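Data from data23.csv: CSV, C-alpha atoms and all ligand atoms
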chain,number,residue,atom,x,y,z
A,17,MET,CA,39.3,-13.4,-9.3
A,18,SER,CA,36.0,-15.2,-10.0
A,19,GLN,CA,32.4,-14.4,-10.5
A,20,LYS,CA,30.2,-15.5,-7.6
A,21,GLU,CA,26.4,-15.2,-6.9
A,22,ILE,CA,25.1,-14.8,-3.4
A,23,LYS,CA,21.5,-15.9,-2.9
A,24,ILE,CA,19.4,-13.5,-0.8
A,25,MET,CA,15.7,-14.2,-1.6
A,26,GLN,CA,14.2,-11.7,0.8
A,27,LYS,CA,11.1,-9.5,0.5
A,28,ILE,CA,12.4,-6.1,-0.5
A,29,LEU,CA,10.1,-4.4,1.9
A,30,ASN,CA,10.7,-6.8,4.8
A,31,VAL,CA,11.9,-4.0,7.2
A,32,ASN,CA,8.7,-2.0,6.6
A,33,ASP,CA,6.6,-5.2,6.9
A,34,ARG,CA,8.2,-6.1,10.2
A,35,ILE,CA,7.5,-2.7,11.7
A,36,ALA,CA,4.0,-2.8,10.4
A,37,ASP,CA,3.4,-6.2,12.1
A,38,ASP,CA,4.7,-4.8,15.4
A,39,LEU,CA,2.4,-1.8,15.1
A,40,ARG,CA,-0.6,-4.0,14.4
A,41,THR,CA,0.1,-6.1,17.5
A,42,GLU,CA,0.7,-3.0,19.7
A,43,MET,CA,-2.6,-1.4,18.7
A,44,SER,CA,-4.4,-4.7,19.2
A,45,LYS,CA,-3.0,-4.9,22.7
A,46,LYS,CA,-4.1,-1.4,23.4
A,47,GLY,CA,-7.6,-2.2,22.1
A,48,ILE,CA,-7.3,0.5,19.4
A,49,VAL,CA,-8.8,-0.1,16.0
A,50,TYR,CA,-6.2,1.1,13.4
A,51,ILE,CA,-7.5,2.2,10.0
A,52,ASN,CA,-5.5,3.3,6.9
A,53,LEU,CA,-7.5,5.4,4.4
A,54,MET,CA,-6.2,5.4,0.9
A,55,SER,CA,-7.5,7.2,-2.2
A,56,SER,CA,-6.5,9.4,-5.1
A,57,PRO,CA,-6.3,13.2,-4.3
A,58,GLY,CA,-9.6,14.7,-3.4
A,59,SER,CA,-11.8,11.6,-3.0
A,60,GLY,CA,-13.1,12.9,0.3
A,61,LYS,CA,-10.9,11.3,3.0
A,62,THR,CA,-10.6,14.4,5.2
A,63,LYS,CA,-14.2,15.3,4.8
A,64,LEU,CA,-15.2,11.8,5.8
A,65,LEU,CA,-13.0,12.0,8.9
A,66,GLU,CA,-14.5,15.4,9.8
A,67,LYS,CA,-18.0,13.8,9.5
A,68,THR,CA,-16.9,10.7,11.4
A,69,ALA,CA,-15.5,12.7,14.2
A,70,GLY,CA,-18.8,14.6,14.5
A,71,ALA,CA,-20.9,11.4,14.5
A,72,ILE,CA,-18.9,8.9,16.6
A,73,ARG,CA,-19.0,8.7,20.4
A,74,ASP,CA,-15.6,7.1,20.8
A,75,LYS,CA,-12.4,9.1,20.7
A,76,ILE,CA,-10.5,9.2,17.4
A,77,PHE,CA,-7.0,10.3,16.5
A,78,VAL,CA,-5.8,11.0,13.0
A,79,ILE,CA,-2.3,10.8,11.5
A,80,GLU,CA,-2.4,13.0,8.4
A,81,GLY,CA,0.0,12.3,5.6
A,82,ASP,CA,0.6,15.0,3.0
A,83,ILE,CA,3.6,15.9,0.8
A,84,GLN,CA,3.2,19.5,1.8
A,85,THR,CA,0.9,21.8,3.9
A,86,THR,CA,-0.9,21.2,7.2
A,87,LEU,CA,-4.3,22.2,5.7
A,88,ASP,CA,-6.0,18.9,6.3
A,89,ALA,CA,-4.7,18.7,9.8
A,90,GLU,CA,-6.0,22.2,10.5
A,91,ARG,CA,-9.4,21.2,9.2
A,92,LEU,CA,-9.5,18.2,11.5
A,93,ALA,CA,-8.2,20.1,14.5
A,94,ALA,CA,-10.9,22.7,13.9
A,95,ALA,CA,-13.4,19.8,14.1
A,96,GLY,CA,-11.9,18.9,17.6
A,97,VAL,CA,-10.0,15.9,16.4
A,98,GLY,CA,-6.6,15.0,17.8
A,99,VAL,CA,-4.3,15.1,14.8
A,100,TYR,CA,-0.6,14.6,14.0
A,101,GLN,CA,0.8,15.8,10.7
A,102,ILE,CA,3.5,14.0,8.7
A,103,ASN,CA,4.9,15.9,5.8
A,104,THR,CA,7.0,13.9,3.4
A,105,GLY,CA,8.2,16.9,1.5
A,106,PRO,CA,11.4,17.2,3.6
A,107,PHE,CA,12.1,13.5,2.9
A,108,GLY,CA,12.1,13.8,-0.8
A,109,GLY,CA,8.4,14.2,-1.2
A,110,ASP,CA,7.4,10.6,-0.9
A,111,CYS,CA,4.0,9.8,-2.2
A,112,HIS,CA,3.1,7.3,0.5
A,113,LEU,CA,3.6,6.7,4.2
A,114,GLU,CA,5.8,4.0,5.6
A,115,ALA,CA,5.4,2.0,8.8
A,116,GLY,CA,8.6,3.5,10.3
A,117,TRP,CA,7.3,7.0,10.0
A,118,ILE,CA,4.1,6.0,11.7
A,119,ARG,CA,6.1,4.4,14.5
A,120,SER,CA,8.1,7.6,15.0
A,121,ALA,CA,5.0,9.7,15.0
A,122,LEU,CA,3.4,7.4,17.6
A,123,GLU,CA,6.3,8.1,20.0
A,124,GLU,CA,5.0,11.7,20.2
A,125,ILE,CA,1.3,10.9,20.3
A,126,GLU,CA,-0.8,10.4,23.5
A,127,LEU,CA,-3.3,7.7,22.7
A,128,GLU,CA,-5.0,7.4,26.0
A,129,ASN,CA,-8.8,6.7,25.7
A,130,VAL,CA,-8.4,6.6,21.9
A,131,LYS,CA,-10.6,3.9,20.3
A,132,TYR,CA,-9.9,4.5,16.6
A,133,LEU,CA,-6.6,5.5,15.1
A,134,PHE,CA,-6.8,6.7,11.5
A,135,VAL,CA,-4.0,7.3,9.0
A,136,GLU,CA,-5.1,9.5,6.2
A,137,ASN,CA,-2.5,8.3,3.6
A,138,ILE,CA,-1.2,10.6,0.9
A,139,GLY,CA,-3.6,11.1,-2.0
A,140,ASN,CA,-2.4,8.6,-4.5
A,141,LEU,CA,-3.8,5.2,-5.5
A,142,VAL,CA,-0.5,3.5,-6.5
A,143,CYS,CA,2.2,4.0,-3.9
A,144,PRO,CA,0.4,3.8,-0.5
A,145,ALA,CA,-1.0,0.4,-1.5
A,146,GLU,CA,2.5,-0.9,-1.6
A,147,PHE,CA,3.5,-0.1,1.9
A,148,ASP,CA,1.8,-1.8,4.9
A,149,VAL,CA,1.5,0.8,7.6
A,150,GLY,CA,0.4,-1.8,10.1
A,151,ALA,CA,-3.3,-1.0,10.1
A,152,HIS,CA,-6.0,-3.5,11.0
A,153,ILE,CA,-8.2,-2.3,8.2
A,154,ASN,CA,-7.1,-0.9,4.9
A,155,VAL,CA,-9.8,1.2,3.4
A,156,VAL,CA,-9.8,2.5,-0.2
A,157,VAL,CA,-12.0,5.5,-0.9
A,158,LEU,CA,-13.2,5.9,-4.5
A,159,SER,CA,-15.5,8.8,-5.3
A,160,VAL,CA,-18.3,8.4,-7.9
A,161,THR,CA,-16.7,11.0,-10.1
A,162,GLU,CA,-13.6,9.0,-10.7
A,163,GLY,CA,-14.8,6.4,-13.2
A,164,GLU,CA,-15.8,2.7,-13.2
A,165,GLU,CA,-12.5,1.4,-14.4
A,166,LYS,CA,-10.3,2.7,-11.6
A,167,PRO,CA,-10.2,-0.6,-9.7
A,168,LEU,CA,-8.7,-2.3,-12.8
A,169,LYS,CA,-6.1,0.5,-13.2
A,170,TYR,CA,-5.0,0.4,-9.6
A,171,PRO,CA,-5.5,-3.2,-8.6
A,172,LEU,CA,-3.2,-3.3,-5.6
A,173,ALA,CA,-5.1,-0.7,-3.7
A,174,PHE,CA,-8.3,-2.7,-4.1
A,175,ARG,CA,-6.7,-6.0,-3.5
A,176,ASN,CA,-5.0,-4.9,-0.3
A,177,SER,CA,-8.1,-3.3,1.2
A,178,GLN,CA,-10.8,-5.0,3.2
A,179,LEU,CA,-13.3,-2.2,2.6
A,180,CYS,CA,-14.1,0.2,-0.2
A,181,LEU,CA,-16.0,3.4,0.4
A,182,ILE,CA,-17.7,4.7,-2.7
A,183,SER,CA,-17.9,8.4,-1.8
A,184,LYS,CA,-19.8,11.5,-2.9
A,185,THR,CA,-23.0,9.5,-3.7
A,186,ASP,CA,-24.9,12.8,-3.5
A,187,LEU,CA,-23.4,13.6,-6.9
A,188,LEU,CA,-24.9,10.5,-8.6
A,189,PRO,CA,-27.9,12.4,-10.1
A,190,TYR,CA,-25.5,14.5,-12.1
A,191,LEU,CA,-23.3,11.8,-13.5
A,192,ASP,CA,-23.5,9.0,-16.0
A,193,ILE,CA,-21.5,6.6,-14.0
A,194,ASP,CA,-22.5,2.9,-13.9
A,195,LEU,CA,-22.2,2.1,-10.2
A,196,GLU,CA,-22.8,-1.6,-10.6
A,197,MET,CA,-20.0,-1.8,-13.1
A,198,MET,CA,-17.7,0.0,-10.7
A,199,LYS,CA,-18.6,-2.5,-8.0
A,200,ALA,CA,-18.2,-5.4,-10.4
A,201,ASN,CA,-14.7,-4.2,-11.2
A,202,MET,CA,-13.8,-4.0,-7.5
A,203,ARG,CA,-15.0,-7.6,-7.0
A,204,LYS,CA,-12.9,-8.7,-10.0
A,205,ILE,CA,-9.8,-7.6,-8.1
A,206,ASN,CA,-11.0,-8.6,-4.7
A,207,PRO,CA,-14.1,-10.8,-4.5
A,208,GLN,CA,-14.1,-10.5,-0.7
A,209,ILE,CA,-14.1,-6.7,-0.5
A,210,ARG,CA,-16.8,-5.0,1.6
A,211,ILE,CA,-18.4,-2.0,-0.2
A,212,ILE,CA,-20.2,0.9,1.4
A,213,GLU,CA,-21.7,3.7,-0.6
A,214,LEU,CA,-21.8,7.0,1.3
A,215,SER,CA,-21.8,10.8,1.1
A,216,ALA,CA,-20.1,12.9,3.7
A,217,LYS,CA,-22.1,15.8,2.4
A,218,SER,CA,-25.6,14.4,2.7
A,219,GLY,CA,-24.8,11.9,5.4
A,220,GLN,CA,-26.2,9.0,3.3
A,221,GLY,CA,-24.5,5.7,4.2
A,222,ILE,CA,-22.5,7.3,7.1
A,223,GLN,CA,-24.3,5.1,9.6
A,224,ASP,CA,-23.2,1.9,7.7
A,225,TRP,CA,-19.6,3.1,8.0
A,226,LEU,CA,-20.0,3.8,11.7
A,227,ASP,CA,-21.6,0.4,12.1
A,228,PHE,CA,-18.7,-1.2,10.3
A,229,LEU,CA,-16.3,0.5,12.6
A,230,ALA,CA,-18.3,-0.5,15.7
A,231,GLU,CA,-18.5,-4.1,14.7
A,232,TYR,CA,-14.9,-4.5,13.9
A,233,LYS,CA,-12.9,-6.6,16.4
A,234,THR,CA,-9.1,-6.3,16.5
B,27,MET,CA,6.4,7.3,-7.5
B,28,HIS,CA,7.3,4.6,-5.0
B,29,GLU,CA,10.1,3.0,-7.1
B,30,GLY,CA,12.6,5.2,-5.3
B,31,ALA,CA,11.6,3.8,-1.9
B,32,ILE,CA,11.7,0.2,-3.2
B,33,VAL,CA,15.2,0.7,-4.7
B,34,LYS,CA,16.4,2.2,-1.4
B,35,SER,CA,15.1,-0.8,0.5
B,36,LEU,CA,16.6,-3.3,-1.9
B,37,LEU,CA,20.0,-1.6,-1.9
B,38,ASP,CA,20.0,-1.7,1.9
B,39,ILE,CA,19.5,-5.4,1.8
B,40,ALA,CA,22.0,-5.9,-1.0
B,41,ASN,CA,24.6,-3.8,0.8
B,42,LYS,CA,24.2,-5.8,4.0
B,43,SER,CA,24.8,-9.0,2.1
B,44,PHE,CA,27.7,-7.5,0.3
B,45,THR,CA,29.5,-6.4,3.5
B,46,GLU,CA,29.0,-9.8,5.0
B,47,SER,CA,30.4,-11.5,1.9
B,48,GLU,CA,33.8,-12.1,0.4
B,49,LEU,CA,32.9,-10.1,-2.6
B,50,LYS,CA,35.2,-7.4,-3.8
B,51,GLU,CA,32.5,-5.6,-5.7
B,52,VAL,CA,29.0,-6.2,-6.9
B,53,ASN,CA,28.2,-6.1,-10.6
B,54,ARG,CA,24.7,-7.4,-10.7
B,55,VAL,CA,21.6,-7.2,-8.4
B,56,LYS,CA,18.7,-9.5,-9.3
B,57,VAL,CA,15.2,-8.8,-8.3
B,58,ILE,CA,11.9,-10.6,-8.9
B,59,ILE,CA,8.9,-8.3,-9.4
B,60,GLY,CA,5.3,-9.4,-10.0
B,61,LYS,CA,3.1,-7.6,-12.6
B,62,PHE,CA,0.7,-6.8,-9.8
B,63,HIS,CA,2.8,-4.0,-8.5
B,64,ASN,CA,2.5,-1.3,-11.2
B,65,ILE,CA,6.3,-0.9,-11.1
B,66,VAL,CA,7.9,0.7,-14.1
B,67,ASN,CA,11.2,-1.0,-14.8
B,68,GLU,CA,12.8,2.1,-16.4
B,69,VAL,CA,12.0,4.2,-13.3
B,70,MET,CA,13.5,1.4,-11.1
B,71,GLU,CA,16.7,1.5,-13.2
B,72,MET,CA,16.9,5.3,-13.1
B,73,HIS,CA,16.7,5.3,-9.2
B,74,PHE,CA,19.1,2.4,-9.1
B,75,ASP,CA,21.7,4.1,-11.3
B,76,LEU,CA,21.5,7.2,-9.1
B,77,MET,CA,21.7,5.5,-5.7
B,78,LYS,CA,24.3,2.9,-6.6
B,79,LYS,CA,26.9,5.7,-7.0
B,80,GLU,CA,26.6,6.5,-3.3
B,81,ILE,CA,27.4,2.9,-2.2
B,82,ALA,CA,30.9,1.7,-2.1
B,83,GLY,CA,31.2,-1.5,-4.1
B,84,PHE,CA,28.0,-1.0,-6.1
B,85,GLU,CA,29.2,1.7,-8.5
B,86,GLN,CA,29.4,-0.7,-11.5
B,87,ALA,CA,26.3,-2.8,-10.6
B,88,ILE,CA,23.4,-3.3,-13.0
B,89,LEU,CA,19.9,-4.1,-11.9
B,90,GLU,CA,18.3,-7.2,-13.4
B,91,ILE,CA,14.6,-7.4,-13.1
B,92,GLU,CA,12.8,-10.7,-13.6
B,93,GLU,CA,9.1,-10.1,-14.1
B,94,ARG,CA,6.4,-12.5,-13.0
B,95,ASP,CA,3.0,-12.7,-14.7
B,96,LEU,CA,-0.2,-13.0,-12.8
B,97,ILE,CA,-1.3,-16.5,-12.1
B,98,ILE,CA,-4.1,-17.5,-9.8
B,99,GLN,CA,-5.0,-20.9,-8.3
B,100,CYS,CA,-8.6,-21.9,-7.6
B,101,ARG,CA,-9.3,-23.1,-4.1
B,102,LYS,CA,-12.2,-25.2,-5.3
B,103,CYS,CA,-10.9,-27.1,-8.3
B,104,HIS,CA,-7.1,-26.3,-7.8
B,105,LYS,CA,-6.7,-25.4,-11.5
B,106,THR,CA,-4.4,-22.5,-12.2
B,107,THR,CA,-5.3,-19.6,-14.5
B,108,SER,CA,-2.9,-17.2,-16.1
B,109,LEU,CA,-4.5,-13.7,-16.0
B,110,ASN,CA,-4.4,-11.4,-19.0
B,111,ASP,CA,-6.8,-8.9,-17.7
B,112,ILE,CA,-7.1,-8.8,-14.0
B,113,ASN,CA,-10.1,-10.8,-13.0
B,114,PHE,CA,-9.7,-13.1,-10.0
B,115,ALA,CA,-12.0,-15.8,-11.1
B,116,CYS,CA,-11.1,-19.3,-12.0
B,117,SER,CA,-11.2,-19.8,-15.8
B,118,ASP,CA,-12.2,-23.4,-15.3
B,119,CYS,CA,-15.1,-23.4,-12.8
B,120,GLY,CA,-15.7,-19.7,-12.4
B,121,SER,CA,-15.1,-19.7,-8.7
B,122,THR,CA,-13.9,-16.4,-7.2
B,123,ASP,CA,-12.3,-18.2,-4.3
B,124,THR,CA,-8.8,-18.0,-5.7
B,125,GLU,CA,-5.3,-17.3,-4.5
B,126,LEU,CA,-2.7,-15.2,-6.3
B,127,ILE,CA,0.2,-17.6,-6.6
B,128,HIS,CA,2.3,-15.5,-8.9
B,129,GLY,CA,2.4,-11.8,-9.7
B,130,ASN,CA,2.7,-10.4,-6.2
B,131,GLU,CA,6.4,-11.0,-5.8
B,132,LEU,CA,8.6,-8.2,-4.7
B,133,TYR,CA,11.9,-9.9,-3.9
B,134,ILE,CA,15.6,-9.4,-4.0
B,135,ALA,CA,16.9,-12.7,-5.4
B,136,SER,CA,20.7,-12.3,-5.3
B,137,ILE,CA,23.8,-10.2,-5.7
B,138,GLU,CA,26.6,-11.2,-8.0
B,139,GLY,CA,30.2,-10.0,-8.2
B,140,THR,CA,33.8,-10.8,-8.2
B,141,ASP,CA,35.3,-12.3,-5.1
B,142,ASN,CA,38.7,-11.7,-3.5
B,143,THR,CA,40.0,-15.3,-4.0
B,144,LYS,CA,42.6,-15.5,-6.8
A,301,LIG,N1,-20.4,16.7,-3.2
A,301,LIG,C1,-19.6,16.1,-2.3
A,301,LIG,N2,-18.3,16.7,-2.2
A,301,LIG,C2,-17.5,16.1,-1.3
A,301,LIG,C3,-17.8,15.0,-0.5
A,301,LIG,N3,-16.8,14.7,0.3
A,301,LIG,C4,-15.8,15.5,0.0
A,301,LIG,N4,-16.2,16.4,-1.0
A,301,LIG,C5,-15.5,17.5,-1.5
A,301,LIG,O1,-14.4,17.0,-2.3
A,301,LIG,C6,-13.2,17.9,-2.1
A,301,LIG,C7,-12.1,17.1,-1.6
A,301,LIG,O2,-12.4,16.5,-0.3
A,301,LIG,P1,-11.3,16.2,0.7
A,301,LIG,O3,-12.0,15.7,2.0
A,301,LIG,O4,-10.4,17.3,0.9
A,301,LIG,O5,-10.5,15.0,0.0
A,301,LIG,P2,-9.2,14.2,0.4
A,301,LIG,O6,-9.3,12.8,-0.1
A,301,LIG,O7,-8.9,14.4,1.8
A,301,LIG,O8,-8.1,15.0,-0.5
A,301,LIG,P3,-6.5,14.9,-0.3
A,301,LIG,O9,-6.1,14.8,1.1
A,301,LIG,O10,-6.0,16.2,-0.9
A,301,LIG,O11,-6.1,13.7,-1.1
A,301,LIG,C8,-13.7,19.0,-1.2
A,301,LIG,O12,-14.0,20.1,-1.9
A,301,LIG,C9,-14.8,18.4,-0.5
A,301,LIG,O13,-15.7,19.3,0.0
A,301,LIG,C10,-19.2,14.5,-0.7
A,301,LIG,O14,-19.6,13.5,0.0
A,301,LIG,N5,-20.0,15.1,-1.6
A,302,MG,MG,-7.2,15.1,2.8
A,303,ZN,ZN,-11.9,-23.6,-10.3
The structure given in the file should be rewritten as structure tokens.
Ligand SMILES: Nc1nc2c(ncn2[C@@H]2O[C@H](COP(=O)(O)OP(=O)(O)OP(=O)(O)O)[C@@H](O)[C@H]2O)c(=O)[nH]1
Ligand SMILES: [Mg+2]
Ligand SMILES: [Zn+2]
Amino acid sequence: MSQKEIKIMQKILNVNDRIADDLRTEMSKKGIVYINLMSSPGSGKTKLLEKTAGAIRDKIFVIEGDIQTTLDAERLAAAGVGVYQINTGPFGGDCHLEAGWIRSALEEIELENVKYLFVENIGNLVCPAEFDVGAHINVVVLSVTEGEEKPLKYPLAFRNSQLCLISKTDLLPYLDIDLEMMKANMRKINPQIRIIELSAKSGQGIQDWLDFLAEYKT
Amino acid sequence: MHEGAIVKSLLDIANKSFTESELKEVNRVKVIIGKFHNIVNEVMEMHFDLMKKEIAGFEQAILEIEERDLIIQCRKCHKTTSLNDINFACSDCGSTDTELIHGNELYIASIEGTDNTK
């Protein structure tokens, strides 16, 4: 009997990454822009989607990720949005979505005429950033109430996103936050990141977000 | 957090290699993890110790984690900078056009064990 080492040298998440790449290609072929929204709990992802659905001409579809409850999906359905709920509770309460679950969900979803497919990832800034769901655009939402230093604490989410939405700007008059510092911290992690400030409540900046979506080419 | 899902994926890969190998059992699984990933080693080990019990041949295995520090390389002057705090700017010329060359690793490196040959 002897000790032996077998080299593997593979990416641990290679299965997820492969499915994610397939999904990206598939959505591109269909001409669908696929967007993954990530943030900590309560940054305003669902509210932004409600607002977006009301303001956009094109058809959107939302895959909702939550550990439990269908509350967000119900809000979106009430706003007339096609929505599919993934609850991770039954699968051990995972705090992120994986590409394989999106693929399974898509088998049950009718995407005809849909121009934008959104995934509202589970509210959490650590785990979702680790798992490519195959989106064309990763968007991280950070509300003005969360603090300037969050990009430094959760670098992967900011590094792996192409766009950051600074949300709830209507609250700025009541806060001491240094917005320039928050943006500088984002750029330390990701010098290329696009930043849009908006408020789903007042509507400020929503047009910039819609323009960003309209200009995006898959 | 997400350590559970990562351990599950790495054990899937490790188990596949193991079944294709001549090994009788696995006593070490080596992974390489960059500091960029916010992964807590103790949590990795906890999940590993729970999940390995369910996989024949892995019951005695230990998880060995090799950490990688954050290192960027400047695309302008090609100098490398080791990052203490996370700031993706070249320490030499200040350019922010840099590439993360270490610290983003999330690899399974190898499995080790005893083989059947006498
Ligand atoms: N003042 C203000 N409040 C907002 C804004 N957007 C969202 N909110 C409020 O913030 C709270 C959380 O908003 P949600 O849209 O549910 O946030 P979420 O990111 O979907 O939350 P989870 O899915 O639970 O992670 C709600 O009470 C919203 O009404 C905004 O632009 N301004
Ligand atoms: Mg929500
Ligand atoms: Zn340089």
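For chain B, the residues having at least one atom no farther than 7 Å from chain A, when counting only C-alpha atoms, are Met27, His28, Ile32, Ser35, Leu36, Phe62, His63, Ile112, Asn113, Phe114, Thr122, Leu132, Tyr133, Ile134, Ala135, Ser136, Ile137, Glu138, Gly139, Thr140, Asp141, Asn142, Thr143 and Lys144 of chain B.
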List all protein, DNA and RNA residues that have an atom no more than 10 Å from any atom of ligand LIG 301 (chain A), counting only C-alpha atoms and all ligand atoms, and report them as a PDB file with C-alpha atoms, in the frame of the given file.
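Result written to part-v5.pdb:
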ATOM      1  CA  LEU A  53      -7.500   5.400   4.400  1.00  0.00           C
ATOM      2  CA  MET A  54      -6.200   5.400   0.900  1.00  0.00           C
ATOM      3  CA  SER A  55      -7.500   7.200  -2.200  1.00  0.00           C
ATOM      4  CA  SER A  56      -6.500   9.400  -5.100  1.00  0.00           C
ATOM      5  CA  PRO A  57      -6.300  13.200  -4.300  1.00  0.00           C
ATOM      6  CA  GLY A  58      -9.600  14.700  -3.400  1.00  0.00           C
ATOM      7  CA  SER A  59     -11.800  11.600  -3.000  1.00  0.00           C
ATOM      8  CA  GLY A  60     -13.100  12.900   0.300  1.00  0.00           C
ATOM      9  CA  LYS A  61     -10.900  11.300   3.000  1.00  0.00           C
ATOM     10  CA  THR A  62     -10.600  14.400   5.200  1.00  0.00           C
ATOM     11  CA  LYS A  63     -14.200  15.300   4.800  1.00  0.00           C
ATOM     12  CA  LEU A  64     -15.200  11.800   5.800  1.00  0.00           C
ATOM     13  CA  LEU A  65     -13.000  12.000   8.900  1.00  0.00           C
ATOM     14  CA  GLU A  66     -14.500  15.400   9.800  1.00  0.00           C
ATOM     15  CA  LYS A  67     -18.000  13.800   9.500  1.00  0.00           C
ATOM     16  CA  GLU A  80      -2.400  13.000   8.400  1.00  0.00           C
ATOM     17  CA  GLY A  81       0.000  12.300   5.600  1.00  0.00           C
ATOM     18  CA  ASP A  82       0.600  15.000   3.000  1.00  0.00           C
ATOM     19  CA  ILE A  83       3.600  15.900   0.800  1.00  0.00           C
ATOM     20  CA  LEU A  87      -4.300  22.200   5.700  1.00  0.00           C
ATOM     21  CA  ASP A  88      -6.000  18.900   6.300  1.00  0.00           C
ATOM     22  CA  ALA A  89      -4.700  18.700   9.800  1.00  0.00           C
ATOM     23  CA  ARG A  91      -9.400  21.200   9.200  1.00  0.00           C
ATOM     24  CA  GLU A 136      -5.100   9.500   6.200  1.00  0.00           C
ATOM     25  CA  ASN A 137      -2.500   8.300   3.600  1.00  0.00           C
ATOM     26  CA  ILE A 138      -1.200  10.600   0.900  1.00  0.00           C
ATOM     27  CA  GLY A 139      -3.600  11.100  -2.000  1.00  0.00           C
ATOM     28  CA  ASN A 140      -2.400   8.600  -4.500  1.00  0.00           C
ATOM     29  CA  LEU A 141      -3.800   5.200  -5.500  1.00  0.00           C
ATOM     30  CA  VAL A 157     -12.000   5.500  -0.900  1.00  0.00           C
ATOM     31  CA  LEU A 158     -13.200   5.900  -4.500  1.00  0.00           C
ATOM     32  CA  SER A 159     -15.500   8.800  -5.300  1.00  0.00           C
ATOM     33  CA  VAL A 160     -18.300   8.400  -7.900  1.00  0.00           C
ATOM     34  CA  THR A 161     -16.700  11.000 -10.100  1.00  0.00           C
ATOM     35  CA  ILE A 182     -17.700   4.700  -2.700  1.00  0.00           C
ATOM     36  CA  SER A 183     -17.900   8.400  -1.800  1.00  0.00           C
ATOM     37  CA  LYS A 184     -19.800  11.500  -2.900  1.00  0.00           C
ATOM     38  CA  THR A 185     -23.000   9.500  -3.700  1.00  0.00           C
ATOM     39  CA  ASP A 186     -24.900  12.800  -3.500  1.00  0.00           C
ATOM     40  CA  LEU A 187     -23.400  13.600  -6.900  1.00  0.00           C
ATOM     41  CA  LEU A 188     -24.900  10.500  -8.600  1.00  0.00           C
ATOM     42  CA  LEU A 214     -21.800   7.000   1.300  1.00  0.00           C
ATOM     43  CA  SER A 215     -21.800  10.800   1.100  1.00  0.00           C
ATOM     44  CA  ALA A 216     -20.100  12.900   3.700  1.00  0.00           C
ATOM     45  CA  LYS A 217     -22.100  15.800   2.400  1.00  0.00           C
ATOM     46  CA  SER A 218     -25.600  14.400   2.700  1.00  0.00           C
ATOM     47  CA  GLY A 219     -24.800  11.900   5.400  1.00  0.00           C
ATOM     48  CA  GLN A 220     -26.200   9.000   3.300  1.00  0.00           C
ATOM     49  CA  ILE A 222     -22.500   7.300   7.100  1.00  0.00           C
TER      50      ILE A 222
END
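Reported to one decimal place, the separation of CA of His128 (chain B) from CA of Ala40 (chain B) is 23.3 Å.
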Contacts of ligand ZN 303 (chain A), 8 Å or closer, only C-alpha atoms and all ligand atoms, given as a compact mmCIF listing (two decimals) with C-alpha atoms, in the coordinates of the input:
# COMPACT_ATOMS: atom_id res chain seq x y z
CA GLN B 99 -5.00 -20.90 -8.30
CA CYS B 100 -8.60 -21.90 -7.60
CA ARG B 101 -9.30 -23.10 -4.10
CA LYS B 102 -12.20 -25.20 -5.30
CA CYS B 103 -10.90 -27.10 -8.30
CA HIS B 104 -7.10 -26.30 -7.80
CA LYS B 105 -6.70 -25.40 -11.50
CA THR B 106 -4.40 -22.50 -12.20
CA ALA B 115 -12.00 -15.80 -11.10
CA CYS B 116 -11.10 -19.30 -12.00
CA SER B 117 -11.20 -19.80 -15.80
CA ASP B 118 -12.20 -23.40 -15.30
CA CYS B 119 -15.10 -23.40 -12.80
CA GLY B 120 -15.70 -19.70 -12.40
CA SER B 121 -15.10 -19.70 -8.70
CA THR B 124 -8.80 -18.00 -5.70
Need to verify the contact set: Ala87 (chain B), 6 Å, all atoms listed in the file, exclusion of same-chain residues closer than 2 positions in sequence. Can you return it as an mmCIF file with C-alpha atoms, in the frame of the given file?
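Final file, selection.cif:
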data_model
loop_
_atom_site.group_PDB
_atom_site.id
_atom_site.type_symbol
_atom_site.label_atom_id
_atom_site.label_comp_id
_atom_site.auth_asym_id
_atom_site.auth_seq_id
_atom_site.Cartn_x
_atom_site.Cartn_y
_atom_site.Cartn_z
ATOM 1 C CA VAL B 52 29.000 -6.200 -6.900
ATOM 2 C CA ASN B 53 28.200 -6.100 -10.600
ATOM 3 C CA ARG B 54 24.700 -7.400 -10.700
ATOM 4 C CA PHE B 84 28.000 -1.000 -6.100
ATOM 5 C CA GLU B 85 29.200 1.700 -8.500
#
request  = Could you check which of A:Glu90, A:Val149, A:Leu179, A:Thr68 is closest to ligand MG 302 (chain A), using all atoms listed in the file?
outcome  =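 Nearest candidate to ligand MG 302 (chain A) out of A:Glu90, A:Val149, A:Leu179, A:Thr68: A:Glu90.
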task = Work out how far apart CA of Gln84 (chain A) and CA of Arg40 (chain A) are and give it in Å to one decimal.
result = 26.9 Å
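Counting all atoms listed in the file, the residue from A:His152, A:Ile79, A:Ile51, A:Ile35 that sits nearest to ligand MG 302 (chain A) is A:Ile79.
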note = With distances taken over only C-alpha atoms and all ligand atoms, the candidate from A:Val78, A:Ile193, A:Ala151, A:Leu181 nearest ligand MG 302 (chain A) is A:Val78
